[in-house]
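Engineer: final-v8.txt (compact mmCIF, C-alpha atoms (C1' of nucleotides)) pasted underneath:
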# COMPACT_ATOMS: atom_id res chain seq x y z
CA MET A 681 0.00 0.00 0.00
CA GLY A 682 2.96 2.24 0.61
CA SER A 683 6.70 2.03 0.60
CA PRO A 684 8.56 1.31 3.84
CA LEU A 685 8.87 4.20 6.26
CA PRO A 686 12.32 5.29 7.38
CA ARG A 687 11.32 4.78 11.01
CA ASP A 688 8.94 2.54 12.94
CA PRO A 689 5.81 4.66 13.46
CA ILE A 690 4.81 2.69 16.54
CA ALA A 691 8.17 3.22 18.21
CA ASP A 692 7.73 6.91 17.44
CA ALA A 693 4.30 6.90 19.02
CA GLN A 694 5.73 5.24 22.09
CA ARG A 695 8.36 8.00 22.36
CA ASN A 696 5.64 10.63 21.97
CA TRP A 697 3.67 9.05 24.76
CA GLU A 698 6.69 9.12 27.05
CA ARG A 699 7.52 12.67 26.08
CA HIS A 700 4.03 13.76 27.10
CA GLY A 701 4.14 12.23 30.55
CA TRP A 702 2.49 8.91 29.81
CA GLY A 703 5.59 6.79 30.32
CA GLU A 704 3.68 4.38 32.53
CA VAL A 705 1.43 3.21 29.73
CA ALA A 706 3.59 3.90 26.70
CA ALA A 707 4.80 0.32 26.39
CA PRO A 708 1.36 -1.34 26.59
CA MET A 709 0.09 1.26 24.12
CA ALA A 710 2.87 0.28 21.72
CA ALA A 711 2.21 -3.42 22.19
CA ILE A 712 -1.50 -3.00 21.54
CA THR A 713 -0.93 -0.80 18.52
CA ALA A 714 1.51 -3.40 17.20
CA ILE A 715 -1.12 -6.10 17.60
CA MET A 716 -3.57 -4.02 15.59
CA ARG A 717 -1.09 -3.44 12.81
CA THR A 718 0.08 -7.06 12.76
CA GLN A 719 -3.50 -8.20 12.43
CA GLN A 720 -3.93 -5.87 9.47
CA ILE A 721 -0.83 -7.28 7.74
CA LEU A 722 -1.82 -10.88 8.38
CA LEU A 723 -5.37 -10.33 7.23
CA ALA A 724 -4.14 -8.80 3.99
CA ARG A 725 -1.90 -11.81 3.36
CA ILE A 726 -4.68 -14.24 4.08
CA GLU A 727 -7.19 -12.41 1.92
CA GLY A 728 -4.64 -12.36 -0.86
CA VAL A 729 -4.29 -16.13 -0.77
CA LEU A 730 -8.05 -16.69 -0.55
CA LYS A 731 -9.04 -14.31 -3.32
CA PRO A 732 -8.35 -16.81 -6.15
CA PHE A 733 -10.79 -19.17 -4.43
CA GLY A 734 -13.46 -16.51 -4.33
CA LEU A 735 -13.31 -16.53 -0.54
CA THR A 736 -12.75 -13.96 2.16
CA PHE A 737 -11.33 -14.82 5.56
CA ALA A 738 -14.71 -14.57 7.23
CA ARG A 739 -16.24 -17.00 4.78
CA TYR A 740 -13.24 -19.31 4.88
CA GLU A 741 -13.39 -19.50 8.68
CA LEU A 742 -16.98 -20.61 8.47
CA LEU A 743 -16.22 -23.23 5.83
CA ALA A 744 -13.29 -24.54 7.84
CA LEU A 745 -15.39 -24.73 10.96
CA LEU A 746 -18.08 -26.71 9.17
CA SER A 747 -15.53 -29.04 7.63
CA PHE A 748 -14.43 -30.05 11.12
CA ALA A 749 -17.94 -30.71 12.34
CA ARG A 750 -18.66 -34.44 12.25
CA SER A 751 -21.86 -34.04 10.27
CA GLY A 752 -20.59 -31.11 8.23
CA ALA A 753 -23.40 -29.01 9.67
CA LEU A 754 -23.77 -26.57 12.56
CA PRO A 755 -26.50 -24.33 13.94
CA MET A 756 -25.88 -20.68 13.13
CA ASN A 757 -25.77 -19.70 16.78
CA LYS A 758 -23.14 -22.33 17.40
CA ALA A 759 -21.04 -21.01 14.54
CA SER A 760 -21.43 -17.49 15.87
CA ALA A 761 -20.22 -18.59 19.30
CA LEU A 762 -17.28 -20.61 18.04
CA LEU A 763 -16.11 -17.96 15.59
CA GLN A 764 -16.73 -15.30 18.22
CA VAL A 765 -18.46 -12.92 15.90
CA HIS A 766 -21.85 -11.26 16.00
CA PRO A 767 -24.78 -13.38 14.76
CA THR A 768 -25.44 -10.89 11.99
CA SER A 769 -21.94 -11.46 10.68
CA VAL A 770 -22.71 -15.16 10.35
CA THR A 771 -25.95 -14.37 8.56
CA ASN A 772 -23.98 -12.21 6.17
CA ALA A 773 -21.34 -14.88 5.50
CA VAL A 774 -23.91 -17.62 5.07
CA ASP A 775 -25.88 -15.49 2.61
CA ARG A 776 -22.84 -15.22 0.37
CA LEU A 777 -21.65 -18.78 0.82
CA GLU A 778 -25.12 -20.02 0.00
CA LYS A 779 -25.20 -17.90 -3.17
CA ALA A 780 -21.92 -19.56 -4.11
CA ALA A 781 -23.47 -22.96 -3.44
CA LEU A 782 -20.83 -23.80 -0.84
CA VAL A 783 -23.30 -24.23 2.01
CA VAL A 784 -27.03 -24.74 2.39
CA ARG A 785 -29.41 -23.58 5.07
CA SER A 786 -31.73 -26.23 6.48
CA PRO A 787 -34.21 -26.15 9.33
CA HIS A 788 -33.26 -27.67 12.65
CA PRO A 789 -35.12 -30.97 13.12
CA THR A 790 -36.45 -30.22 16.59
CA ASP A 791 -36.02 -26.48 17.21
CA GLY A 792 -37.97 -24.26 14.86
CA ARG A 793 -35.92 -21.21 15.78
CA THR A 794 -32.66 -22.69 14.70
CA THR A 795 -31.17 -22.87 11.23
CA LEU A 796 -28.48 -25.37 10.34
CA ILE A 797 -25.66 -24.50 7.99
CA GLU A 798 -24.58 -27.46 5.97
CA LEU A 799 -21.52 -27.87 3.79
CA THR A 800 -22.13 -28.89 0.19
CA ALA A 801 -19.76 -31.19 -1.68
CA GLU A 802 -18.24 -28.20 -3.48
CA GLY A 803 -17.97 -26.40 -0.19
CA ARG A 804 -16.01 -29.23 1.34
CA THR A 805 -13.69 -29.47 -1.63
CA LEU A 806 -13.06 -25.75 -1.71
CA ALA A 807 -12.42 -25.65 2.03
CA LYS A 808 -9.78 -28.32 1.63
CA ARG A 809 -8.06 -26.58 -1.24
CA ALA A 810 -8.13 -23.20 0.48
CA THR A 811 -6.75 -24.72 3.66
CA THR A 812 -3.83 -26.21 1.78
CA ALA A 813 -3.09 -22.86 0.19
CA LEU A 814 -3.27 -21.00 3.48
CA ASN A 815 -1.08 -23.53 5.25
CA ASN A 816 1.54 -23.40 2.53
CA GLU A 817 1.54 -19.70 1.85
CA VAL A 818 0.72 -18.10 5.19
CA PHE A 819 0.84 -20.32 8.25
CA GLY A 820 3.88 -22.21 6.99
CA ARG A 821 5.74 -18.94 6.45
CA SER A 822 4.47 -16.81 9.26
CA GLY A 823 7.85 -15.28 9.92
CA PHE A 824 7.53 -16.01 13.63
CA GLY A 825 10.12 -18.24 15.24
CA ASP A 826 8.97 -21.43 16.94
CA GLU A 827 9.61 -20.04 20.40
CA ASP A 828 7.83 -16.81 19.61
CA VAL A 829 4.85 -18.78 18.32
CA GLU A 830 4.64 -20.69 21.58
CA HIS A 831 4.96 -17.48 23.52
CA LEU A 832 2.25 -15.77 21.49
CA ILE A 833 -0.11 -18.70 21.95
CA ARG A 834 0.41 -18.63 25.69
CA VAL A 835 0.28 -14.87 26.24
CA LEU A 836 -2.67 -14.24 23.94
CA GLY A 837 -4.42 -17.32 25.29
CA ASP A 838 -4.18 -15.93 28.81
CA PHE A 839 -5.41 -12.60 27.54
CA ARG A 840 -8.40 -14.09 25.76
CA LYS A 841 -9.29 -16.15 28.76
CA ALA A 842 -9.11 -13.12 31.03
CA ALA A 843 -11.27 -11.27 28.51
CA GLY A 844 -13.97 -13.90 28.99
CA ASP A 845 -13.61 -15.80 25.74
CA PHE A 846 -13.60 -19.18 27.41
CA THR A 847 -13.48 -20.93 30.75
CA ASP A 848 -11.46 -24.05 30.26
CA MET B 1121 -21.38 -10.64 22.67
CA GLY B 1122 -21.72 -14.14 24.01
CA SER B 1123 -21.04 -15.96 27.20
CA PRO B 1124 -17.68 -17.69 27.73
CA LEU B 1125 -17.19 -20.97 25.90
CA PRO B 1126 -16.34 -24.07 27.88
CA ARG B 1127 -13.20 -24.58 25.81
CA ASP B 1128 -10.75 -22.39 23.94
CA PRO B 1129 -11.92 -22.47 20.31
CA ILE B 1130 -8.44 -21.68 19.02
CA ALA B 1131 -6.86 -24.53 20.94
CA ASP B 1132 -9.56 -26.74 19.44
CA ALA B 1133 -8.72 -25.50 15.96
CA GLN B 1134 -5.07 -26.26 16.57
CA ARG B 1135 -5.96 -29.83 17.56
CA ASN B 1136 -8.10 -30.17 14.45
CA TRP B 1137 -5.21 -28.99 12.31
CA GLU B 1138 -2.92 -31.58 13.88
CA ARG B 1139 -5.52 -34.29 13.57
CA HIS B 1140 -5.77 -33.65 9.85
CA GLY B 1141 -2.09 -33.88 9.15
CA TRP B 1142 -1.14 -30.23 9.39
CA GLY B 1143 0.89 -30.54 12.56
CA GLU B 1144 3.75 -28.58 11.04
CA VAL B 1145 1.74 -25.39 10.75
CA ALA B 1146 -0.84 -25.89 13.48
CA ALA B 1147 1.01 -23.75 16.00
CA PRO B 1148 1.58 -20.73 13.73
CA MET B 1149 -2.06 -21.02 12.64
CA ALA B 1150 -3.12 -20.85 16.28
CA ALA B 1151 -0.83 -17.92 16.98
CA ILE B 1152 -2.13 -15.99 14.00
CA THR B 1153 -5.74 -16.74 14.83
CA ALA B 1154 -5.08 -15.61 18.40
CA ILE B 1155 -3.69 -12.33 17.10
CA MET B 1156 -6.82 -11.78 15.04
CA ARG B 1157 -9.08 -12.45 17.99
CA THR B 1158 -7.01 -10.36 20.40
CA GLN B 1159 -7.20 -7.46 18.01
CA GLN B 1160 -10.96 -7.82 17.93
CA ILE B 1161 -11.18 -7.75 21.73
CA LEU B 1162 -8.86 -4.78 22.06
CA LEU B 1163 -10.62 -2.84 19.34
CA ALA B 1164 -13.97 -3.37 21.08
CA ARG B 1165 -12.54 -2.07 24.36
CA ILE B 1166 -11.02 0.95 22.70
CA GLU B 1167 -14.17 1.78 20.78
CA GLY B 1168 -16.14 1.46 23.98
CA VAL B 1169 -13.99 4.04 25.70
CA LEU B 1170 -14.03 6.39 22.71
CA LYS B 1171 -17.76 6.23 22.06
CA PRO B 1172 -18.67 8.84 24.73
CA PHE B 1173 -16.33 11.24 22.96
CA GLY B 1174 -18.06 10.66 19.66
CA LEU B 1175 -14.88 9.13 18.28
CA THR B 1176 -13.94 5.85 16.64
CA PHE B 1177 -10.45 4.40 16.82
CA ALA B 1178 -9.67 5.39 13.25
CA ARG B 1179 -10.62 9.00 13.93
CA TYR B 1180 -8.88 9.03 17.28
CA GLU B 1181 -5.64 7.81 15.71
CA LEU B 1182 -5.73 10.65 13.25
CA LEU B 1183 -6.42 13.22 15.97
CA ALA B 1184 -3.61 11.83 18.11
CA LEU B 1185 -1.22 11.88 15.19
CA LEU B 1186 -2.03 15.51 14.45
CA SER B 1187 -1.69 16.47 18.09
CA PHE B 1188 1.90 15.28 18.03
CA ALA B 1189 2.77 17.19 14.88
CA ARG B 1190 4.55 20.40 15.83
CA SER B 1191 2.27 22.59 13.75
CA GLY B 1192 -0.81 20.51 14.48
CA ALA B 1193 -1.13 19.89 10.74
CA LEU B 1194 -0.10 17.15 8.33
CA PRO B 1195 -0.56 16.41 4.62
CA MET B 1196 -3.11 13.68 4.02
CA ASN B 1197 -0.63 11.43 2.28
CA LYS B 1198 1.71 11.74 5.25
CA ALA B 1199 -1.07 10.74 7.62
CA SER B 1200 -1.92 7.82 5.39
CA ALA B 1201 1.68 6.62 5.45
CA LEU B 1202 2.15 7.04 9.20
CA LEU B 1203 -1.14 5.41 10.11
CA GLN B 1204 -0.49 2.73 7.51
CA VAL B 1205 -3.95 2.78 6.06
CA HIS B 1206 -5.23 3.34 2.55
CA PRO B 1207 -5.55 6.98 1.45
CA THR B 1208 -9.28 6.57 1.05
CA SER B 1209 -9.55 5.63 4.70
CA VAL B 1210 -7.95 8.92 5.62
CA THR B 1211 -10.32 10.78 3.32
CA ASN B 1212 -13.20 9.05 5.07
CA ALA B 1213 -11.93 9.88 8.57
CA VAL B 1214 -11.18 13.49 7.69
CA ASP B 1215 -14.65 13.93 6.21
CA ARG B 1216 -16.21 12.94 9.51
CA LEU B 1217 -13.76 14.79 11.72
CA GLU B 1218 -14.26 17.90 9.66
CA LYS B 1219 -18.04 17.63 10.01
CA ALA B 1220 -17.47 17.44 13.76
CA ALA B 1221 -15.28 20.56 13.55
CA LEU B 1222 -12.30 18.73 15.02
CA VAL B 1223 -10.06 19.28 12.01
CA VAL B 1224 -10.00 21.53 8.96
CA ARG B 1225 -8.74 20.88 5.47
CA SER B 1226 -6.49 23.55 4.00
CA PRO B 1227 -4.51 23.73 0.77
CA HIS B 1228 -0.80 23.06 0.85
CA PRO B 1229 1.09 26.35 0.43
CA THR B 1230 3.39 25.17 -2.35
CA ASP B 1231 1.99 21.89 -3.72
CA GLY B 1232 -1.42 22.18 -5.31
CA ARG B 1233 -1.99 18.44 -5.17
CA THR B 1234 -1.66 18.20 -1.44
CA THR B 1235 -4.25 18.89 1.24
CA LEU B 1236 -3.28 19.65 4.81
CA ILE B 1237 -5.29 18.42 7.77
CA GLU B 1238 -5.22 20.83 10.64
CA LEU B 1239 -6.35 20.33 14.20
CA THR B 1240 -8.89 22.83 15.53
CA ALA B 1241 -8.87 23.99 19.14
CA GLU B 1242 -11.75 21.64 19.96
CA GLY B 1243 -9.94 18.87 18.16
CA ARG B 1244 -6.87 19.34 20.29
CA THR B 1245 -8.88 19.41 23.49
CA LEU B 1246 -10.86 16.33 22.59
CA ALA B 1247 -7.71 14.44 21.58
CA LYS B 1248 -6.22 15.17 24.98
CA ARG B 1249 -9.30 14.04 26.86
CA ALA B 1250 -9.70 10.90 24.79
CA THR B 1251 -6.03 10.05 25.27
CA THR B 1252 -6.37 10.32 29.03
CA ALA B 1253 -9.39 8.04 28.96
CA LEU B 1254 -7.69 5.46 26.77
CA ASN B 1255 -4.54 5.49 28.87
CA ASN B 1256 -6.49 5.03 32.07
CA GLU B 1257 -9.04 2.53 30.90
CA VAL B 1258 -7.26 0.48 28.26
CA PHE B 1259 -3.51 0.89 28.00
CA GLY B 1260 -3.10 1.16 31.77
CA ARG B 1261 -5.03 -2.08 32.27
CA SER B 1262 -4.02 -4.08 29.25
CA GLY B 1263 -3.82 -7.31 31.18
CA PHE B 1264 -0.39 -8.03 29.73
CA GLY B 1265 2.52 -8.39 32.11
CA ASP B 1266 5.49 -6.07 31.72
CA GLU B 1267 7.69 -8.81 30.32
CA ASP B 1268 5.04 -9.93 27.89
CA VAL B 1269 4.61 -6.36 26.71
CA GLU B 1270 8.31 -6.10 25.98
CA HIS B 1271 8.23 -9.42 24.21
CA LEU B 1272 5.23 -8.44 22.10
CA ILE B 1273 6.84 -5.17 21.10
CA ARG B 1274 9.99 -6.97 20.02
CA VAL B 1275 8.40 -9.91 18.22
CA LEU B 1276 5.73 -7.89 16.46
CA GLY B 1277 8.25 -5.17 15.68
CA ASP B 1278 10.45 -7.71 13.92
CA PHE B 1279 7.42 -9.05 12.10
CA ARG B 1280 6.30 -5.62 10.92
CA LYS B 1281 9.77 -4.78 9.79
CA ALA B 1282 10.05 -8.02 7.85
CA ALA B 1283 6.66 -7.26 6.34
CA GLY B 1284 8.08 -4.03 4.95
CA ASP B 1285 6.47 -1.53 7.28
CA PHE B 1286 9.69 0.35 7.94
CA THR B 1287 13.42 0.26 7.37
CA ASP B 1288 15.00 1.71 10.47
C1' DG C 1033 -53.00 -24.00 29.71
C1' DC C 1034 -51.57 -19.45 28.84
C1' DA C 1035 -49.08 -15.35 29.38
C1' DA C 1036 -44.35 -13.61 30.14
C1' DT C 1037 -39.67 -14.29 29.17
C1' DA C 1038 -35.84 -16.06 26.58
C1' DT C 1039 -33.69 -17.51 22.14
C1' DA C 1040 -32.70 -17.58 17.12
C1' DC C 1041 -32.34 -15.38 12.93
C1' DT C 1042 -32.79 -11.44 9.84
C1' DA C 1043 -33.43 -6.57 8.12
C1' DG C 1044 -31.61 -1.95 8.14
C1' DG C 1045 -28.12 1.39 9.40
C1' DA C 1046 -23.53 3.25 10.82
C1' DC C 1047 -18.51 2.71 10.12
C1' DA C 1048 -14.19 1.10 8.54
C1' DT C 1049 -11.14 -0.99 4.98
C1' DC C 1050 -9.64 -1.84 0.49
C1' DC C 1051 -9.62 -1.53 -4.72
C1' DA C 1052 -10.47 0.69 -9.20
C1' DA C 1053 -11.06 4.92 -11.63
C1' DG C 1054 -11.16 9.73 -12.52
C1' DG C 1055 -9.63 14.66 -12.47
C1' DG C 1056 -6.21 18.05 -11.13
C1' DT C 1057 -1.12 19.28 -10.29
C1' DT C 1058 3.95 18.55 -10.63
C1' DT C 1059 7.95 16.83 -12.37
C1' DG C 1060 11.22 15.38 -15.77
C1' DG C 1061 13.08 13.98 -19.97
C1' DA C 1062 12.99 14.67 -25.11
C1' DT D 529 9.11 24.20 -24.15
C1' DC D 530 5.88 20.56 -23.67
C1' DC D 531 3.83 16.21 -23.06
C1' DA D 532 4.02 11.85 -20.65
C1' DA D 533 4.61 9.80 -16.25
C1' DA D 534 4.11 10.28 -11.36
C1' DC D 535 1.62 11.86 -7.52
C1' DC D 536 -2.52 13.42 -4.59
C1' DC D 537 -7.11 13.26 -3.29
C1' DT D 538 -11.94 11.89 -3.99
C1' DT D 539 -15.87 9.16 -5.60
C1' DG D 540 -18.21 4.81 -6.01
C1' DG D 541 -18.51 -0.03 -4.99
C1' DA D 542 -17.74 -4.42 -2.41
C1' DT D 543 -17.05 -6.55 2.25
C1' DG D 544 -16.99 -7.12 7.03
C1' DT D 545 -18.30 -5.83 11.87
C1' DC D 546 -21.36 -4.23 15.20
C1' DC D 547 -25.87 -2.40 17.06
C1' DT D 548 -30.84 -1.93 17.27
C1' DA D 549 -35.08 -3.53 16.24
C1' DG D 550 -38.59 -6.92 14.67
C1' DT D 551 -40.56 -11.61 13.80
C1' DA D 552 -40.98 -16.37 14.95
C1' DT D 553 -40.44 -20.25 18.04
C1' DA D 554 -39.42 -22.34 22.84
C1' DT D 555 -39.46 -22.40 27.61
C1' DT D 556 -41.00 -21.10 32.13
C1' DG D 557 -43.84 -20.00 35.75
C1' DC D 558 -48.26 -19.14 37.70
Please render this file's structure as structure tokens.
Structural biologist:
Amino acid sequence: MGSPLPRDPIADAQRNWERHGWGEVAAPMAAITAIMRTQQILLARIEGVLKPFGLTFARYELLALLSFARSGALPMNKASALLQVHPTSVTNAVDRLEKAALVVRSPHPTDGRTTLIELTAEGRTLAKRATTALNNEVFGRSGFGDEDVEHLIRVLGDFRKAAGDFTD
Amino acid sequence: MGSPLPRDPIADAQRNWERHGWGEVAAPMAAITAIMRTQQILLARIEGVLKPFGLTFARYELLALLSFARSGALPMNKASALLQVHPTSVTNAVDRLEKAALVVRSPHPTDGRTTLIELTAEGRTLAKRATTALNNEVFGRSGFGDEDVEHLIRVLGDFRKAAGDFTD
DNA sequence: GCAATATACTAGGACATCCAAGGGTTTGGA
DNA sequence: TCCAAACCCTTGGATGTCCTAGTATATTGC
């Protein structure tokens, strides 16, 4: 999107924070800002790999989730909970996936309120192909060292748990 | 948005990856997914704090950036580069900030292509108040330990540099 | 058994991000 | 000098996220 900057803008922000008397929180501010930016970079890479498949990350996540469900189907509310996104976001993703014939909506057998999302054969195939691409082109070349990966999993896991994501 | 899950969905995904023969990349996948989710949680907290000020994070970042510029003004392309977002995102943010009378657009004195964004008095005041709130309610209570913060800054800094964000 | 409450999904709206294109301004090489 | 290439900002369109209702179906409690 732009050429490299001569200096790290987040390190600069951290210095500005310190210079203005916020030294106490300058480091956490920098860490949080770095997380935001890293997410942006990673998302762009992922979307780039998924584009040829006609998928976005949101839709891919749903496909992948369904592909791991024993029956290949899940209630929408379950998907919303597991993906940790708003129910309307799932509705949105399912609308588009259904248009692409990758999933189908079907009524829940016993609960009339619930809608099941079911993977189609094409959906399952595409999920597999997209997963291979992502693993080869993004996750397999994350740029993070093995130790850093372990550290990230632990630190962010603790954070997410403290934030109320899960009990465990 | 939902109540806590009984189990960590990312740890489950990692197990699924391993179970399907992707053990090599399961850990980086989990780390990356954790970064995405952590960003989502942090963004929600930040937006929650900024809402009373009538600000979003994107607009706040622009205000904060301007407040650190000596003259309180910056060219739009400079802001785009420093915030590392697409130029159209800056246009969008400036449109709204200008409607709220927090910034003003003015022509660049020597380059007719460039537009300067300038902080108004209210903009400067609001930036200061919002910064205090964010520092007290988010950055000051990040939930990350001091060592983890240092580690995050280093690891993500290396990642961003490798991704081409800056030279330094 | 029936009304009140809780749940599930969807429609509409506000925002943010990016990409593709278009119009105006500068710069640089022929 | 002058025109093509480069640069800057904006408009319009596609997506995604969330929130706030609104409708339909289940569950609960009296």
Engineer: Please report the interatomic distance between atom CA of A:Leu762 and atom CA of B:Thr1153 in Å with one decimal.
Structural biologist: 12.6 Å
Engineer: Counting all atoms listed in the file, a student should be able to say which residues of chain A come within 12 Å of chain C; what is the right answer, written as a VMD selection string?
Structural biologist: chain A and resid 681 720 723 to 724 727 to 728 755 to 758 760 766 to 772 774 to 775 785 787 to 788 791 to 796
Engineer: Using all atoms listed in the file, pick whichever of D:DC535, D:DC558, D:DC530, D:DA542 has the shortest atom-to-atom distance to chain B.
Structural biologist: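 Among D:DC535, D:DC558, D:DC530, D:DA542, it is D:DC535 that comes nearest to chain B.
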Engineer: Would you kindly report the residues of chain D within 10 Å of chain B, using all atoms listed in the file, as a PyMOL selection string?
Structural biologist: chain D and resi 535-539+545-546
Engineer: Near chain B, meaning an atom within 6 Å, which residues of chain A appear when counting all atoms listed in the file? Write them as a PDB file with C-alpha atoms, in the coordinates of the input.
Structural biologist:
ATOM      1  CA  PRO A 684       8.560   1.310   3.840  1.00  0.00           C
ATOM      2  CA  LEU A 685       8.870   4.200   6.260  1.00  0.00           C
ATOM      3  CA  PRO A 686      12.320   5.290   7.380  1.00  0.00           C
ATOM      4  CA  ARG A 687      11.320   4.780  11.010  1.00  0.00           C
ATOM      5  CA  ASP A 688       8.940   2.540  12.940  1.00  0.00           C
ATOM      6  CA  VAL A 705       1.430   3.210  29.730  1.00  0.00           C
ATOM      7  CA  PRO A 708       1.360  -1.340  26.590  1.00  0.00           C
ATOM      8  CA  MET A 709       0.090   1.260  24.120  1.00  0.00           C
ATOM      9  CA  ALA A 711       2.210  -3.420  22.190  1.00  0.00           C
ATOM     10  CA  MET A 716      -3.570  -4.020  15.590  1.00  0.00           C
ATOM     11  CA  GLN A 719      -3.500  -8.200  12.430  1.00  0.00           C
ATOM     12  CA  PHE A 819       0.840 -20.320   8.250  1.00  0.00           C
ATOM     13  CA  GLY A 820       3.880 -22.210   6.990  1.00  0.00           C
ATOM     14  CA  VAL A 829       4.850 -18.780  18.320  1.00  0.00           C
ATOM     15  CA  LEU A 832       2.250 -15.770  21.490  1.00  0.00           C
ATOM     16  CA  ILE A 833      -0.110 -18.700  21.950  1.00  0.00           C
ATOM     17  CA  GLY A 844     -13.970 -13.900  28.990  1.00  0.00           C
ATOM     18  CA  ASP A 845     -13.610 -15.800  25.740  1.00  0.00           C
ATOM     19  CA  PHE A 846     -13.600 -19.180  27.410  1.00  0.00           C
ATOM     20  CA  THR A 847     -13.480 -20.930  30.750  1.00  0.00           C
ATOM     21  CA  ASP A 848     -11.460 -24.050  30.260  1.00  0.00           C
TER      22      ASP A 848
END
Engineer: How big is the axis-aligned box around all listed atoms of stretch 539-542 of chain D once 8 Å goes on each side, and where's its centre, in Å to one decimal, as AutoDock Vina command-line options?
Structural biologist:
--center_x -17.2 --center_y 2.4 --center_z -4.2 --size_x 18.6 --size_y 29.6 --size_z 19.6
